[in-house]
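Shown here: my_file-v7.cif, mmCIF, N, CA, C and O atoms and all ligand atoms.
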data_query
#
loop_
_atom_site.label_atom_id
_atom_site.label_comp_id
_atom_site.auth_asym_id
_atom_site.auth_seq_id
_atom_site.Cartn_x
_atom_site.Cartn_y
_atom_site.Cartn_z
N MET L 1 -13.09 3.84 -6.38
CA MET L 1 -11.79 4.28 -5.88
C MET L 1 -10.93 4.77 -7.04
O MET L 1 -11.01 4.22 -8.14
N PRO L 2 -10.11 5.78 -6.80
CA PRO L 2 -9.23 6.29 -7.86
C PRO L 2 -8.26 5.21 -8.34
O PRO L 2 -7.77 4.41 -7.54
N ARG L 3 -8.03 5.22 -9.63
CA ARG L 3 -7.13 4.24 -10.24
C ARG L 3 -5.85 4.92 -10.70
O ARG L 3 -5.89 5.96 -11.37
N VAL L 4 -4.71 4.32 -10.34
CA VAL L 4 -3.40 4.77 -10.82
C VAL L 4 -2.97 3.83 -11.93
O VAL L 4 -2.84 2.62 -11.70
N THR L 5 -2.76 4.36 -13.12
CA THR L 5 -2.27 3.56 -14.24
C THR L 5 -0.84 3.96 -14.53
O THR L 5 -0.51 5.16 -14.55
N PHE L 6 0.02 2.97 -14.70
CA PHE L 6 1.43 3.23 -15.01
C PHE L 6 1.59 3.29 -16.52
O PHE L 6 1.27 2.32 -17.24
N GLY L 7 2.06 4.45 -17.00
CA GLY L 7 2.09 4.70 -18.43
C GLY L 7 2.95 3.74 -19.22
O GLY L 7 2.63 3.41 -20.36
N GLN L 8 4.05 3.26 -18.64
CA GLN L 8 4.97 2.43 -19.41
C GLN L 8 4.45 1.02 -19.61
O GLN L 8 4.73 0.39 -20.62
N THR L 9 3.69 0.50 -18.65
CA THR L 9 3.25 -0.90 -18.73
C THR L 9 1.75 -1.05 -18.94
O THR L 9 1.29 -2.11 -19.35
N GLY L 10 1.00 -0.02 -18.58
CA GLY L 10 -0.46 -0.12 -18.64
C GLY L 10 -1.05 -0.81 -17.42
O GLY L 10 -2.28 -0.94 -17.32
N ASN L 11 -0.21 -1.29 -16.49
CA ASN L 11 -0.72 -1.88 -15.26
C ASN L 11 -1.40 -0.81 -14.42
O ASN L 11 -1.06 0.37 -14.52
N SER L 12 -2.32 -1.22 -13.57
CA SER L 12 -3.00 -0.22 -12.75
C SER L 12 -3.31 -0.77 -11.36
O SER L 12 -3.35 -1.98 -11.15
N VAL L 13 -3.52 0.16 -10.43
CA VAL L 13 -3.78 -0.14 -9.02
C VAL L 13 -4.83 0.85 -8.53
O VAL L 13 -4.81 2.02 -8.94
N GLU L 14 -5.71 0.41 -7.65
CA GLU L 14 -6.68 1.33 -7.05
C GLU L 14 -6.21 1.73 -5.66
O GLU L 14 -5.68 0.92 -4.91
N LEU L 15 -6.41 3.02 -5.35
CA LEU L 15 -6.11 3.55 -4.01
C LEU L 15 -7.33 4.29 -3.49
O LEU L 15 -8.14 4.78 -4.27
N SER L 16 -7.45 4.39 -2.19
CA SER L 16 -8.56 5.15 -1.60
C SER L 16 -8.41 6.63 -1.92
O SER L 16 -7.30 7.16 -1.93
N SER L 17 -9.54 7.30 -2.15
CA SER L 17 -9.51 8.74 -2.39
C SER L 17 -8.93 9.45 -1.18
O SER L 17 -9.29 9.16 -0.03
N GLY L 18 -8.00 10.37 -1.43
CA GLY L 18 -7.36 11.13 -0.37
C GLY L 18 -6.11 10.48 0.18
O GLY L 18 -5.43 11.06 1.03
N SER L 19 -5.81 9.27 -0.29
CA SER L 19 -4.57 8.62 0.18
C SER L 19 -3.38 9.19 -0.59
O SER L 19 -3.53 9.91 -1.57
N SER L 20 -2.19 8.84 -0.12
CA SER L 20 -0.96 9.30 -0.75
C SER L 20 -0.48 8.27 -1.77
O SER L 20 -0.70 7.06 -1.59
N LEU L 21 0.20 8.73 -2.80
CA LEU L 21 0.78 7.77 -3.75
C LEU L 21 1.84 6.89 -3.09
O LEU L 21 2.17 5.84 -3.63
N ILE L 22 2.34 7.29 -1.94
CA ILE L 22 3.25 6.39 -1.19
C ILE L 22 2.55 5.07 -0.89
O ILE L 22 3.19 4.02 -0.83
N ASP L 23 1.22 5.12 -0.76
CA ASP L 23 0.47 3.90 -0.45
C ASP L 23 0.54 2.87 -1.57
O ASP L 23 0.14 1.72 -1.37
N LEU L 24 1.05 3.28 -2.73
CA LEU L 24 1.29 2.30 -3.80
C LEU L 24 2.17 1.17 -3.29
O LEU L 24 2.01 0.01 -3.69
N GLU L 25 3.12 1.51 -2.42
CA GLU L 25 4.04 0.48 -1.92
C GLU L 25 3.30 -0.62 -1.17
O GLU L 25 3.68 -1.79 -1.24
N ASP L 26 2.24 -0.25 -0.47
CA ASP L 26 1.49 -1.25 0.30
C ASP L 26 0.75 -2.24 -0.60
O ASP L 26 0.36 -3.31 -0.15
N THR L 27 0.53 -1.86 -1.85
CA THR L 27 -0.18 -2.75 -2.78
C THR L 27 0.74 -3.84 -3.32
O THR L 27 0.25 -4.83 -3.86
N GLY L 28 2.06 -3.65 -3.20
CA GLY L 28 3.00 -4.60 -3.78
C GLY L 28 3.08 -4.50 -5.29
O GLY L 28 3.73 -5.31 -5.94
N LYS L 29 2.41 -3.51 -5.88
CA LYS L 29 2.38 -3.38 -7.34
C LYS L 29 2.92 -2.05 -7.81
O LYS L 29 2.70 -1.66 -8.96
N SER L 30 3.62 -1.34 -6.92
CA SER L 30 4.13 -0.03 -7.30
C SER L 30 5.22 -0.15 -8.35
O SER L 30 6.10 -0.99 -8.25
N GLU L 31 5.13 0.69 -9.36
CA GLU L 31 6.21 0.79 -10.35
C GLU L 31 6.99 2.08 -10.12
O GLU L 31 7.85 2.43 -10.92
N VAL L 32 6.66 2.78 -9.03
CA VAL L 32 7.37 4.01 -8.65
C VAL L 32 8.33 3.66 -7.51
O VAL L 32 7.91 3.14 -6.49
N PRO L 33 9.64 3.94 -7.67
CA PRO L 33 10.56 3.74 -6.55
C PRO L 33 10.46 4.90 -5.57
O PRO L 33 10.28 6.04 -5.97
N PHE L 34 10.53 4.59 -4.29
CA PHE L 34 10.52 5.63 -3.26
C PHE L 34 11.80 5.56 -2.45
O PHE L 34 12.36 4.48 -2.25
N GLY L 35 12.27 6.72 -2.01
CA GLY L 35 13.45 6.79 -1.16
C GLY L 35 13.10 7.43 0.16
O GLY L 35 12.53 6.80 1.05
N CYS L 36 13.38 8.73 0.27
CA CYS L 36 13.23 9.46 1.54
C CYS L 36 11.79 9.62 2.00
O CYS L 36 11.52 9.76 3.18
N ARG L 37 10.85 9.67 1.06
CA ARG L 37 9.42 9.92 1.33
C ARG L 37 9.15 11.32 1.89
O ARG L 37 8.11 11.55 2.48
N SER L 38 10.09 12.22 1.75
CA SER L 38 9.91 13.55 2.36
C SER L 38 10.40 14.68 1.47
O SER L 38 10.90 15.68 1.97
N ALA L 39 10.30 14.53 0.16
CA ALA L 39 10.66 15.59 -0.79
C ALA L 39 12.11 16.03 -0.66
O ALA L 39 12.42 17.22 -0.79
N ALA L 40 13.00 15.06 -0.43
CA ALA L 40 14.42 15.40 -0.28
C ALA L 40 15.33 14.73 -1.31
O ALA L 40 16.40 15.25 -1.60
N CYS L 41 14.92 13.59 -1.90
CA CYS L 41 15.87 12.84 -2.73
C CYS L 41 15.55 12.84 -4.23
O CYS L 41 16.44 12.66 -5.04
N GLY L 42 14.31 12.98 -4.61
CA GLY L 42 13.93 12.97 -6.02
C GLY L 42 13.75 11.59 -6.62
O GLY L 42 13.47 11.47 -7.81
N THR L 43 13.89 10.54 -5.84
CA THR L 43 13.75 9.17 -6.35
C THR L 43 12.38 8.92 -6.97
O THR L 43 12.24 8.19 -7.95
N CYS L 44 11.35 9.54 -6.40
CA CYS L 44 9.97 9.25 -6.80
C CYS L 44 9.45 10.18 -7.88
O CYS L 44 8.24 10.29 -8.06
N LEU L 45 10.35 10.81 -8.64
CA LEU L 45 9.91 11.70 -9.72
C LEU L 45 9.00 10.97 -10.71
O LEU L 45 9.31 9.86 -11.14
N ILE L 46 7.89 11.61 -11.05
CA ILE L 46 6.98 11.05 -12.04
C ILE L 46 6.56 12.15 -13.01
O ILE L 46 6.59 13.33 -12.69
N ASP L 47 6.17 11.72 -14.20
CA ASP L 47 5.40 12.57 -15.11
C ASP L 47 3.95 12.16 -14.99
O ASP L 47 3.64 10.95 -15.02
N VAL L 48 3.06 13.12 -14.85
CA VAL L 48 1.63 12.84 -14.80
C VAL L 48 1.11 12.99 -16.23
O VAL L 48 1.03 14.10 -16.76
N GLU L 49 0.80 11.85 -16.85
CA GLU L 49 0.38 11.87 -18.26
C GLU L 49 -1.07 12.32 -18.40
O GLU L 49 -1.44 12.95 -19.40
N SER L 50 -1.90 11.98 -17.41
CA SER L 50 -3.29 12.46 -17.41
C SER L 50 -3.79 12.47 -15.98
O SER L 50 -3.30 11.73 -15.12
N GLY L 51 -4.74 13.35 -15.73
CA GLY L 51 -5.38 13.40 -14.42
C GLY L 51 -4.70 14.30 -13.41
O GLY L 51 -4.95 14.16 -12.21
N MET L 52 -3.87 15.23 -13.87
CA MET L 52 -3.18 16.11 -12.91
C MET L 52 -4.16 16.78 -11.95
O MET L 52 -3.87 16.95 -10.76
N SER L 53 -5.34 17.14 -12.44
CA SER L 53 -6.32 17.82 -11.58
C SER L 53 -6.89 16.89 -10.51
O SER L 53 -7.59 17.34 -9.60
N ASN L 54 -6.61 15.59 -10.63
CA ASN L 54 -7.07 14.63 -9.63
C ASN L 54 -6.06 14.42 -8.51
O ASN L 54 -6.27 13.58 -7.63
N LEU L 55 -4.95 15.17 -8.57
CA LEU L 55 -3.95 15.13 -7.50
C LEU L 55 -4.03 16.43 -6.70
O LEU L 55 -4.36 17.49 -7.26
N GLY L 56 -3.72 16.37 -5.42
CA GLY L 56 -3.65 17.58 -4.61
C GLY L 56 -2.54 18.49 -5.13
O GLY L 56 -1.68 18.06 -5.90
N PRO L 57 -2.55 19.75 -4.71
CA PRO L 57 -1.54 20.71 -5.19
C PRO L 57 -0.14 20.36 -4.67
O PRO L 57 0.00 19.65 -3.68
N ARG L 58 0.87 20.88 -5.37
CA ARG L 58 2.25 20.69 -4.92
C ARG L 58 2.44 21.28 -3.53
O ARG L 58 1.94 22.37 -3.24
N THR L 59 3.16 20.55 -2.71
CA THR L 59 3.54 21.11 -1.41
C THR L 59 4.70 22.08 -1.62
O THR L 59 5.37 22.07 -2.66
N GLU L 60 4.95 22.92 -0.64
CA GLU L 60 6.07 23.86 -0.74
C GLU L 60 7.39 23.10 -0.85
O GLU L 60 8.27 23.47 -1.66
N GLU L 61 7.54 22.04 -0.08
CA GLU L 61 8.77 21.23 -0.13
C GLU L 61 8.94 20.60 -1.50
O GLU L 61 10.05 20.52 -2.04
N GLU L 62 7.84 20.12 -2.08
CA GLU L 62 7.90 19.52 -3.41
C GLU L 62 8.31 20.56 -4.44
O GLU L 62 9.19 20.31 -5.27
N GLN L 63 7.69 21.72 -4.38
CA GLN L 63 8.01 22.79 -5.33
C GLN L 63 9.50 23.14 -5.25
O GLN L 63 10.16 23.31 -6.27
N ASP L 64 10.01 23.24 -4.02
CA ASP L 64 11.42 23.61 -3.83
C ASP L 64 12.35 22.58 -4.43
O ASP L 64 13.32 22.92 -5.11
N LEU L 65 12.09 21.28 -4.19
CA LEU L 65 13.00 20.25 -4.71
C LEU L 65 12.90 20.16 -6.23
O LEU L 65 13.93 20.05 -6.92
N LEU L 66 11.69 20.24 -6.78
CA LEU L 66 11.55 20.20 -8.23
C LEU L 66 12.32 21.35 -8.87
O LEU L 66 12.99 21.18 -9.89
N HIS L 67 12.26 22.51 -8.24
CA HIS L 67 13.00 23.66 -8.76
C HIS L 67 14.51 23.41 -8.66
O HIS L 67 15.25 23.65 -9.61
N ASP L 68 14.95 22.90 -7.50
CA ASP L 68 16.39 22.64 -7.31
C ASP L 68 16.91 21.62 -8.32
O ASP L 68 18.07 21.69 -8.74
N LEU L 69 16.07 20.65 -8.67
CA LEU L 69 16.47 19.61 -9.63
C LEU L 69 16.29 20.06 -11.08
O LEU L 69 16.59 19.30 -12.00
N ASP L 70 15.78 21.29 -11.26
CA ASP L 70 15.46 21.79 -12.60
C ASP L 70 14.46 20.87 -13.29
O ASP L 70 14.59 20.54 -14.46
N MET L 71 13.49 20.40 -12.51
CA MET L 71 12.49 19.44 -12.98
C MET L 71 11.08 19.95 -12.75
O MET L 71 10.18 19.16 -12.49
N ASP L 72 10.90 21.27 -12.81
CA ASP L 72 9.60 21.79 -12.43
C ASP L 72 8.68 22.05 -13.62
O ASP L 72 7.92 23.00 -13.63
N GLY L 73 8.76 21.17 -14.63
CA GLY L 73 7.80 21.24 -15.74
C GLY L 73 6.39 20.94 -15.27
O GLY L 73 6.19 20.38 -14.19
N ASP L 74 5.41 21.27 -16.11
CA ASP L 74 4.01 21.17 -15.71
C ASP L 74 3.59 19.75 -15.34
O ASP L 74 2.70 19.55 -14.54
N LYS L 75 4.19 18.73 -15.96
CA LYS L 75 3.78 17.34 -15.74
C LYS L 75 4.50 16.69 -14.56
O LYS L 75 4.16 15.59 -14.16
N ARG L 76 5.55 17.34 -14.03
CA ARG L 76 6.42 16.73 -13.03
C ARG L 76 5.82 16.78 -11.64
O ARG L 76 5.32 17.82 -11.21
N ARG L 77 5.90 15.69 -10.90
CA ARG L 77 5.52 15.65 -9.50
C ARG L 77 6.46 14.73 -8.75
O ARG L 77 7.17 13.92 -9.35
N LEU L 78 6.46 14.88 -7.45
CA LEU L 78 7.11 13.91 -6.57
C LEU L 78 5.99 13.04 -6.01
O LEU L 78 5.12 13.52 -5.27
N ALA L 79 6.01 11.76 -6.36
CA ALA L 79 4.91 10.88 -5.96
C ALA L 79 4.73 10.84 -4.45
O ALA L 79 3.61 10.72 -3.96
N CYS L 80 5.82 10.98 -3.70
CA CYS L 80 5.71 10.89 -2.24
C CYS L 80 4.94 12.06 -1.64
O CYS L 80 4.55 12.00 -0.48
N GLN L 81 4.72 13.10 -2.43
CA GLN L 81 4.01 14.28 -1.93
C GLN L 81 2.60 14.40 -2.48
O GLN L 81 1.89 15.35 -2.16
N CYS L 82 2.18 13.43 -3.30
CA CYS L 82 0.89 13.55 -3.99
C CYS L 82 -0.22 12.83 -3.26
O CYS L 82 -0.11 11.64 -2.96
N LYS L 83 -1.32 13.53 -3.04
CA LYS L 83 -2.55 12.88 -2.61
C LYS L 83 -3.44 12.71 -3.84
O LYS L 83 -3.47 13.57 -4.72
N ILE L 84 -4.16 11.58 -3.87
CA ILE L 84 -4.93 11.25 -5.07
C ILE L 84 -6.43 11.31 -4.76
O ILE L 84 -6.88 10.82 -3.73
N PHE L 85 -7.17 11.93 -5.71
CA PHE L 85 -8.62 12.09 -5.53
C PHE L 85 -9.40 11.59 -6.74
O PHE L 85 -10.63 11.64 -6.76
N GLY L 86 -8.69 11.12 -7.77
CA GLY L 86 -9.35 10.60 -8.98
C GLY L 86 -8.31 9.89 -9.83
O GLY L 86 -7.13 9.81 -9.47
N ASP L 87 -8.74 9.37 -10.97
CA ASP L 87 -7.85 8.56 -11.81
C ASP L 87 -6.67 9.37 -12.36
O ASP L 87 -6.84 10.53 -12.77
N VAL L 88 -5.51 8.74 -12.39
CA VAL L 88 -4.33 9.35 -12.98
C VAL L 88 -3.54 8.31 -13.76
O VAL L 88 -3.62 7.13 -13.48
N THR L 89 -2.79 8.79 -14.73
CA THR L 89 -1.80 7.96 -15.42
C THR L 89 -0.45 8.61 -15.19
O THR L 89 -0.28 9.80 -15.45
N ILE L 90 0.49 7.82 -14.67
CA ILE L 90 1.79 8.36 -14.30
C ILE L 90 2.91 7.53 -14.91
O ILE L 90 2.76 6.33 -15.11
N THR L 91 4.03 8.17 -15.18
CA THR L 91 5.23 7.48 -15.66
C THR L 91 6.38 7.82 -14.74
O THR L 91 6.77 8.99 -14.63
N PRO L 92 6.93 6.81 -14.05
CA PRO L 92 8.10 7.04 -13.20
C PRO L 92 9.30 7.46 -14.05
O PRO L 92 9.50 6.95 -15.15
N LEU L 93 10.11 8.39 -13.54
CA LEU L 93 11.29 8.85 -14.28
C LEU L 93 12.57 8.19 -13.79
O LEU L 93 13.63 8.40 -14.37
N ASN L 94 12.51 7.43 -12.71
CA ASN L 94 13.71 6.74 -12.20
C ASN L 94 13.47 5.23 -12.18
O ASN L 94 12.40 4.75 -12.24
S1 LIG T 1 10.88 9.62 -2.09
FE1 LIG T 1 12.44 11.14 -1.90
S2 LIG T 1 11.55 12.86 -2.89
FE2 LIG T 1 9.94 11.37 -2.91
#
Could you rewrite the structure in this file as structure tokens?
Ligand code: FES
Amino acid sequence: MPRVTFGQTGNSVELSSGSSLIDLEDTGKSEVPFGCRSAACGTCLIDVESGMSNLGPRTEEEQDLLHDLDMDGDKRRLACQCKIFGDVTITPLN
């Protein structure tokens, strides 16, 4: 199963391939805060330190909000919009 490692602490959690990073909340070990869960608030902003190619592509809604927040650098994602297919290391920005 794909492993999510949190860059700041080194803690990690496994999720099923194809699941959403929102499912981190169900593990009780999420270090990413979530708000709206629909690409509207920016609470779940993360930097992807490694494994970007193991995440699904940005959704149109995600792209729009990242642009509006002036946060559309290459490493930036909204965790609530990410599907995971392999190991990643992420750092929450909030
Ligand atoms: S939780 Fe609001 S944008 Fe992801």
> Hey, which residues come within 10 Å of ligand LIG 1 (chain T) if we count only C-alpha atoms and all ligand atoms? Could you give them as a PyMOL selection string?
Replying inline: chain L and resi 21-22+32-46+61-62+65-66+77-82
Could you save the residues just selected, with N, CA, C and O atoms, as an mmCIF file, in the frame of the given file?
data_model
loop_
_atom_site.group_PDB
_atom_site.id
_atom_site.type_symbol
_atom_site.label_atom_id
_atom_site.label_comp_id
_atom_site.auth_asym_id
_atom_site.auth_seq_id
_atom_site.Cartn_x
_atom_site.Cartn_y
_atom_site.Cartn_z
ATOM 1 N N LEU L 21 0.200 8.730 -2.800
ATOM 2 C CA LEU L 21 0.780 7.770 -3.750
ATOM 3 C C LEU L 21 1.840 6.890 -3.090
ATOM 4 O O LEU L 21 2.170 5.840 -3.630
ATOM 5 N N ILE L 22 2.340 7.290 -1.940
ATOM 6 C CA ILE L 22 3.250 6.390 -1.190
ATOM 7 C C ILE L 22 2.550 5.070 -0.890
ATOM 8 O O ILE L 22 3.190 4.020 -0.830
ATOM 9 N N VAL L 32 6.660 2.780 -9.030
ATOM 10 C CA VAL L 32 7.370 4.010 -8.650
ATOM 11 C C VAL L 32 8.330 3.660 -7.510
ATOM 12 O O VAL L 32 7.910 3.140 -6.490
ATOM 13 N N PRO L 33 9.640 3.940 -7.670
ATOM 14 C CA PRO L 33 10.560 3.740 -6.550
ATOM 15 C C PRO L 33 10.460 4.900 -5.570
ATOM 16 O O PRO L 33 10.280 6.040 -5.970
ATOM 17 N N PHE L 34 10.530 4.590 -4.290
ATOM 18 C CA PHE L 34 10.520 5.630 -3.260
ATOM 19 C C PHE L 34 11.800 5.560 -2.450
ATOM 20 O O PHE L 34 12.360 4.480 -2.250
ATOM 21 N N GLY L 35 12.270 6.720 -2.010
ATOM 22 C CA GLY L 35 13.450 6.790 -1.160
ATOM 23 C C GLY L 35 13.100 7.430 0.160
ATOM 24 O O GLY L 35 12.530 6.800 1.050
ATOM 25 N N CYS L 36 13.380 8.730 0.270
ATOM 26 C CA CYS L 36 13.230 9.460 1.540
ATOM 27 C C CYS L 36 11.790 9.620 2.000
ATOM 28 O O CYS L 36 11.520 9.760 3.180
ATOM 29 N N ARG L 37 10.850 9.670 1.060
ATOM 30 C CA ARG L 37 9.420 9.920 1.330
ATOM 31 C C ARG L 37 9.150 11.320 1.890
ATOM 32 O O ARG L 37 8.110 11.550 2.480
ATOM 33 N N SER L 38 10.090 12.220 1.750
ATOM 34 C CA SER L 38 9.910 13.550 2.360
ATOM 35 C C SER L 38 10.400 14.680 1.470
ATOM 36 O O SER L 38 10.900 15.680 1.970
ATOM 37 N N ALA L 39 10.300 14.530 0.160
ATOM 38 C CA ALA L 39 10.660 15.590 -0.790
ATOM 39 C C ALA L 39 12.110 16.030 -0.660
ATOM 40 O O ALA L 39 12.420 17.220 -0.790
ATOM 41 N N ALA L 40 13.000 15.060 -0.430
ATOM 42 C CA ALA L 40 14.420 15.400 -0.280
ATOM 43 C C ALA L 40 15.330 14.730 -1.310
ATOM 44 O O ALA L 40 16.400 15.250 -1.600
ATOM 45 N N CYS L 41 14.920 13.590 -1.900
ATOM 46 C CA CYS L 41 15.870 12.840 -2.730
ATOM 47 C C CYS L 41 15.550 12.840 -4.230
ATOM 48 O O CYS L 41 16.440 12.660 -5.040
ATOM 49 N N GLY L 42 14.310 12.980 -4.610
ATOM 50 C CA GLY L 42 13.930 12.970 -6.020
ATOM 51 C C GLY L 42 13.750 11.590 -6.620
ATOM 52 O O GLY L 42 13.470 11.470 -7.810
ATOM 53 N N THR L 43 13.890 10.540 -5.840
ATOM 54 C CA THR L 43 13.750 9.170 -6.350
ATOM 55 C C THR L 43 12.380 8.920 -6.970
ATOM 56 O O THR L 43 12.240 8.190 -7.950
ATOM 57 N N CYS L 44 11.350 9.540 -6.400
ATOM 58 C CA CYS L 44 9.970 9.250 -6.800
ATOM 59 C C CYS L 44 9.450 10.180 -7.880
ATOM 60 O O CYS L 44 8.240 10.290 -8.060
ATOM 61 N N LEU L 45 10.350 10.810 -8.640
ATOM 62 C CA LEU L 45 9.910 11.700 -9.720
ATOM 63 C C LEU L 45 9.000 10.970 -10.710
ATOM 64 O O LEU L 45 9.310 9.860 -11.140
ATOM 65 N N ILE L 46 7.890 11.610 -11.050
ATOM 66 C CA ILE L 46 6.980 11.050 -12.040
ATOM 67 C C ILE L 46 6.560 12.150 -13.010
ATOM 68 O O ILE L 46 6.590 13.330 -12.690
ATOM 69 N N GLU L 61 7.540 22.040 -0.080
ATOM 70 C CA GLU L 61 8.770 21.230 -0.130
ATOM 71 C C GLU L 61 8.940 20.600 -1.500
ATOM 72 O O GLU L 61 10.050 20.520 -2.040
ATOM 73 N N GLU L 62 7.840 20.120 -2.080
ATOM 74 C CA GLU L 62 7.900 19.520 -3.410
ATOM 75 C C GLU L 62 8.310 20.560 -4.440
ATOM 76 O O GLU L 62 9.190 20.310 -5.270
ATOM 77 N N LEU L 65 12.090 21.280 -4.190
ATOM 78 C CA LEU L 65 13.000 20.250 -4.710
ATOM 79 C C LEU L 65 12.900 20.160 -6.230
ATOM 80 O O LEU L 65 13.930 20.050 -6.920
ATOM 81 N N LEU L 66 11.690 20.240 -6.780
ATOM 82 C CA LEU L 66 11.550 20.200 -8.230
ATOM 83 C C LEU L 66 12.320 21.350 -8.870
ATOM 84 O O LEU L 66 12.990 21.180 -9.890
ATOM 85 N N ARG L 77 5.900 15.690 -10.900
ATOM 86 C CA ARG L 77 5.520 15.650 -9.500
ATOM 87 C C ARG L 77 6.460 14.730 -8.750
ATOM 88 O O ARG L 77 7.170 13.920 -9.350
ATOM 89 N N LEU L 78 6.460 14.880 -7.450
ATOM 90 C CA LEU L 78 7.110 13.910 -6.570
ATOM 91 C C LEU L 78 5.990 13.040 -6.010
ATOM 92 O O LEU L 78 5.120 13.520 -5.270
ATOM 93 N N ALA L 79 6.010 11.760 -6.360
ATOM 94 C CA ALA L 79 4.910 10.880 -5.960
ATOM 95 C C ALA L 79 4.730 10.840 -4.450
ATOM 96 O O ALA L 79 3.610 10.720 -3.960
ATOM 97 N N CYS L 80 5.820 10.980 -3.700
ATOM 98 C CA CYS L 80 5.710 10.890 -2.240
ATOM 99 C C CYS L 80 4.940 12.060 -1.640
ATOM 100 O O CYS L 80 4.550 12.000 -0.480
ATOM 101 N N GLN L 81 4.720 13.100 -2.430
ATOM 102 C CA GLN L 81 4.010 14.280 -1.930
ATOM 103 C C GLN L 81 2.600 14.400 -2.480
ATOM 104 O O GLN L 81 1.890 15.350 -2.160
ATOM 105 N N CYS L 82 2.180 13.430 -3.300
ATOM 106 C CA CYS L 82 0.890 13.550 -3.990
ATOM 107 C C CYS L 82 -0.220 12.830 -3.260
ATOM 108 O O CYS L 82 -0.110 11.640 -2.960
#
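The strand (DSSP E) portion of chain L consists of Arg3, Val4, Thr5, Phe6, Ser12, Val13, Glu14, Leu45, Ile46, Asp47, Val48, Glu49, Ser50, Arg76, Arg77, Leu78, Val88, Thr89, Ile90, Thr91 and Pro92 of chain L, with states taken from DSSP on the backbone.
The interatomic distance for the pair atom C of L:Val4 and atom N of L:Pro92 works out to 10.6 Å.
Computed from the coordinates, the atom CA of L:Lys83 to atom CA of L:Arg58 distance equals 9.5 Å.
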> How far is it from atom CA of L:Gly7 to atom CA of L:Asp23, in Å with one decimal?
Replying inline: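 Taking atom CA of L:Gly7 as the start and atom CA of L:Asp23 as the end point, the length is 18.1 Å.
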Using only C-alpha atoms, which protein or nucleic acid residues come within 7 Å of L:Asp87? Drop anything in the same chain fewer than 4 positions from it, and give the result as a PDB file with N, CA, C and O atoms, in the coordinates of the input.
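Listing of around.pdb after writing:
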ATOM      1  N   PRO L   2     -10.110   5.780  -6.800  1.00  0.00           N
ATOM      2  CA  PRO L   2      -9.230   6.290  -7.860  1.00  0.00           C
ATOM      3  C   PRO L   2      -8.260   5.210  -8.340  1.00  0.00           C
ATOM      4  O   PRO L   2      -7.770   4.410  -7.540  1.00  0.00           O
ATOM      5  N   ARG L   3      -8.030   5.220  -9.630  1.00  0.00           N
ATOM      6  CA  ARG L   3      -7.130   4.240 -10.240  1.00  0.00           C
ATOM      7  C   ARG L   3      -5.850   4.920 -10.700  1.00  0.00           C
ATOM      8  O   ARG L   3      -5.890   5.960 -11.370  1.00  0.00           O
ATOM      9  N   VAL L   4      -4.710   4.320 -10.340  1.00  0.00           N
ATOM     10  CA  VAL L   4      -3.400   4.770 -10.820  1.00  0.00           C
ATOM     11  C   VAL L   4      -2.970   3.830 -11.930  1.00  0.00           C
ATOM     12  O   VAL L   4      -2.840   2.620 -11.700  1.00  0.00           O
ATOM     13  N   GLY L  51      -4.740  13.350 -15.730  1.00  0.00           N
ATOM     14  CA  GLY L  51      -5.380  13.400 -14.420  1.00  0.00           C
ATOM     15  C   GLY L  51      -4.700  14.300 -13.410  1.00  0.00           C
ATOM     16  O   GLY L  51      -4.950  14.160 -12.210  1.00  0.00           O
ATOM     17  N   ASN L  54      -6.610  15.590 -10.630  1.00  0.00           N
ATOM     18  CA  ASN L  54      -7.070  14.630  -9.630  1.00  0.00           C
ATOM     19  C   ASN L  54      -6.060  14.420  -8.510  1.00  0.00           C
ATOM     20  O   ASN L  54      -6.270  13.580  -7.630  1.00  0.00           O
TER      21      ASN L  54
END
> Restricting the calculation to all atoms listed in the file, which member of L:Ile90, L:Leu15, L:Met1, L:Ile84 is positioned closest to L:Leu55?
Replying inline: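 Among the listed residues, the smallest separation from L:Leu55 belongs to L:Ile84.
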>> Using DSSP secondary structure from the backbone, list all alpha helix (DSSP H) positions within stretch 11-94 of chain L, as a count of residues only.
In response: 13
> L:Lys75: which residues within 6 Å, counting all atoms listed in the file, same-chain residues fewer than 5 positions away excluded, as a list in words?
Replying inline: Ile46, Asp47, Val48 and Glu49 of chain L
>> Given only N, CA, C and O atoms as the basis, pick out the residue of L:Met71, L:Glu31, L:Thr59, L:Ser50 nearest to L:Asn94.
In response: L:Glu31
> Looking at L:Asn11, L:Ser17, L:Thr27, L:Gln63, which one is nearest to L:Arg76, with distances taken over only C-alpha atoms?
Replying inline: L:Gln63
